[in-house]
Amino acid sequence: MVISLRKLAYQNIQIKKLRFYIILIGVSVVIGVLFTSFILITGISYSLDRGLSKLGADLLVIPKESMVNLKAALLTGEPSAFYMDKSVLDKIRVLKGVKRASKQVFLTSATGECCVLGNSFLIGFDPSNDFTVLPWVNKKLNEPFPEDGAIVGGMTFFHLGDSIRFYGVPLKVWGKLERTGIGLYDNAIFFHIEKAYEMSEKSLSDPSVAPLKSIRGKISAVLVQLSVGAKIPFVTFSILKDNPDLKVATTGNIETSARQTIVAVFSGVIVLILALVLSNVLMINAIFSAVVNERKREIGIMRAIGATKADIFKLITYESTMITLFSGVAGILLIHA
């Protein structure tokens, strides 16, 4: 008579009920803690990403002579344009204390173009590494940001899906920002930085509009987000040391301090959770090791009647799997109760 190892494993669980209940309770608690830890880590990661994404940049790097124009742009949204070589971005990215850096190009629209009332502040940005524009999008079309897409400020009169054109370059309104209270963002139109370069080149060959500067290879600003623990004065000094023609504007120590404090606190929480997960895994290992040691006589008898090492291993694996499945369901139900 051949006995199925799975059936034998199930019978062993039924016979040793006290041992089964002890293991069930222990493993249920462990799995419940592991499940809760996973939910916490996932929730913390998502909340952290969503919350910090709207704190924007810690530093704004611009040409030195453009500081006055920038203040007017930030407060009123008045179009302003200034440029520096794009190599500045690569230099800043590698500095110690810099977590992320993104480039932008500022343009002004031509007055009187179709569908545009007066001048508009046009800003080309790089969607691939942006962290200041996309997080503020309140409404958007159900599609990835396209090459010809545009994001309009919260105070503009454009709507999703509208077609707009600047310097002969067509754009489609893909998203609209929440109102930020910053004139530059509330009245601006954002689009892919390559479209900004295309606009500048087309303006030079269009006699009906005031030509823009040739800006291929130029950028207007670099937005910088600092790493946890990085000091603004140190990073500012590092930027200006080799670039005396630049100016670094800070967004204020409150936002930077808030971001770094939150990240540090949640990083500590995640470390504690991971330590708890590791200790629980070791506990499960200890429980099943104790079970195996307690059954040495039983295993010896099975070996004596012809069971192989592989059979013993399969039997214990089947029992462990069954107990773990029961415990897993019990642990999750315990958490939801």
# chains A, B, ... in the order shown; residues from 1 in each chain; ligands from 1
>>> residues_around(residues="stretch 120-124 of chain A", least_positions_apart="4", cutoff="6 Å", atoms="only C-alpha atoms", output="list in words")
Pro79, Gln104, Val105, Phe106, Leu107, Thr108, Ser109, Ala188, Ile189, Phe190, Phe191, His192, Ile193 and Ala196 of chain A
>>> closest_residue(among="A:Asn187, A:Arg179, A:Asp130, A:Asp58", to="A:Phe157", atoms="only C-alpha atoms")
A:Asn187
>>> atom_distance(atom1="atom CA of A:Ala230", atom2="atom CA of A:Lys96")
8.1 Å
>>> atom_distance(atom1="atom CA of A:Arg165", atom2="atom CA of A:Lys202")
12.1 Å
>>> select_by_dssp(residues="stretch 65-251 of chain A", states="strand (DSSP E)", output="PyMOL selection string")
chain A and resi 84-85+98-108+121-125+137-140+149-152+163-166+169-177+188-192+218-219+221-226+246-250
>>> residues_around(residues="A:Ala330", least_positions_apart="6", cutoff="9 Å", atoms="only C-alpha atoms", output="ChimeraX atom specification")
/A:24-25,28-29,31-32
>>> write_last_selection(atoms="C-alpha atoms", output="JSON list (two decimals), in the first residue's frame")
[["chain", "number", "residue", "atom", "x", "y", "z"],
["A", 24, "LEU", "CA", -0.50, 28.25, 13.82],
["A", 25, "ILE", "CA", -0.71, 30.99, 16.44],
["A", 28, "SER", "CA", -0.10, 33.77, 12.18],
["A", 29, "VAL", "CA", 1.28, 36.55, 14.34],
["A", 31, "ILE", "CA", 2.73, 36.66, 8.97],
["A", 32, "GLY", "CA", 0.33, 39.31, 10.24]]
>>> atom_distance(atom1="atom CA of A:Val235", atom2="atom CA of A:Ala101")
12.5 Å
>>> closest_residue(among="A:Ser4, A:Asn142, A:Pro127, A:Gln225", to="A:Leu60", atoms="only C-alpha atoms")
A:Gln225
>>> residues_around(residues="A:Leu246", least_positions_apart="4", cutoff="7 Å", atoms="only C-alpha atoms", output="PyMOL selection string")
chain A and resi 61-64+240
>>> closest_residue(among="A:Asn129, A:Ser205, A:Thr250, A:Ser200", to="A:Gly217", atoms="only C-alpha atoms")
A:Ser200
>>> residues_around(residues="A:Ile232", least_positions_apart="3", cutoff="9 Å", atoms="only C-alpha atoms", output="list in words")
Asp58, Leu59, Gly97, Leu226, Val235, Thr236, Phe237, Thr250, Asn253 and Thr256 of chain A
>>> write_last_selection(atoms="N, CA and C atoms", output="PDB file, in the first residue's frame")
ATOM      1  N   ASP A  58      14.957  73.098  -4.194  1.00  0.00           N
ATOM      2  CA  ASP A  58      15.573  73.830  -3.087  1.00  0.00           C
ATOM      3  C   ASP A  58      16.368  75.024  -3.589  1.00  0.00           C
ATOM      4  N   LEU A  59      16.930  74.877  -4.769  1.00  0.00           N
ATOM      5  CA  LEU A  59      17.766  75.938  -5.348  1.00  0.00           C
ATOM      6  C   LEU A  59      17.360  76.183  -6.792  1.00  0.00           C
ATOM      7  N   GLY A  97      25.810  66.459  -2.644  1.00  0.00           N
ATOM      8  CA  GLY A  97      24.651  67.077  -2.017  1.00  0.00           C
ATOM      9  C   GLY A  97      23.498  67.330  -2.968  1.00  0.00           C
ATOM     10  N   LEU A 226      18.014  68.980  -3.191  1.00  0.00           N
ATOM     11  CA  LEU A 226      19.149  68.518  -2.399  1.00  0.00           C
ATOM     12  C   LEU A 226      18.916  67.144  -1.797  1.00  0.00           C
ATOM     13  N   VAL A 235      26.344  73.619  -0.887  1.00  0.00           N
ATOM     14  CA  VAL A 235      26.017  73.352  -2.295  1.00  0.00           C
ATOM     15  C   VAL A 235      26.090  74.648  -3.103  1.00  0.00           C
ATOM     16  N   THR A 236      25.596  75.742  -2.525  1.00  0.00           N
ATOM     17  CA  THR A 236      25.654  77.038  -3.213  1.00  0.00           C
ATOM     18  C   THR A 236      27.097  77.429  -3.506  1.00  0.00           C
ATOM     19  N   PHE A 237      27.979  77.264  -2.516  1.00  0.00           N
ATOM     20  CA  PHE A 237      29.398  77.579  -2.714  1.00  0.00           C
ATOM     21  C   PHE A 237      30.003  76.699  -3.804  1.00  0.00           C
ATOM     22  N   THR A 250      17.545  80.673  -3.393  1.00  0.00           N
ATOM     23  CA  THR A 250      17.034  79.607  -2.520  1.00  0.00           C
ATOM     24  C   THR A 250      15.537  79.763  -2.344  1.00  0.00           C
ATOM     25  N   ASN A 253      14.635  77.957   3.714  1.00  0.00           N
ATOM     26  CA  ASN A 253      15.095  76.825   4.507  1.00  0.00           C
ATOM     27  C   ASN A 253      13.955  75.975   5.066  1.00  0.00           C
ATOM     28  N   THR A 256      13.130  73.093   2.551  1.00  0.00           N
ATOM     29  CA  THR A 256      14.253  72.157   2.512  1.00  0.00           C
ATOM     30  C   THR A 256      14.348  71.365   3.805  1.00  0.00           C
TER      31      THR A 256
END
>>> residues_around(residues="A:Lys172", least_positions_apart="2", cutoff="9 Å", atoms="only C-alpha atoms", output="ChimeraX atom specification")
/A:146,148-151,160-165,170,174
>>> write_last_selection(atoms="C-alpha atoms", output="PDB file, in the first residue's frame")
ATOM      1  CA  PRO A 146       3.305  63.613 -25.707  1.00  0.00           C
ATOM      2  CA  ASP A 148       3.679  68.072 -28.727  1.00  0.00           C
ATOM      3  CA  GLY A 149       1.917  68.313 -25.361  1.00  0.00           C
ATOM      4  CA  ALA A 150       1.470  71.491 -23.345  1.00  0.00           C
ATOM      5  CA  ILE A 151       0.682  72.111 -19.672  1.00  0.00           C
ATOM      6  CA  LEU A 160      -7.732  70.256 -22.020  1.00  0.00           C
ATOM      7  CA  GLY A 161      -7.490  69.202 -25.658  1.00  0.00           C
ATOM      8  CA  ASP A 162      -7.225  72.769 -27.006  1.00  0.00           C
ATOM      9  CA  SER A 163      -4.855  73.285 -29.933  1.00  0.00           C
ATOM     10  CA  ILE A 164      -2.472  76.222 -29.561  1.00  0.00           C
ATOM     11  CA  ARG A 165       0.404  77.473 -31.691  1.00  0.00           C
ATOM     12  CA  PRO A 170       1.528  73.422 -32.851  1.00  0.00           C
ATOM     13  CA  TRP A 174      -2.458  67.914 -22.221  1.00  0.00           C
TER      14      TRP A 174
END
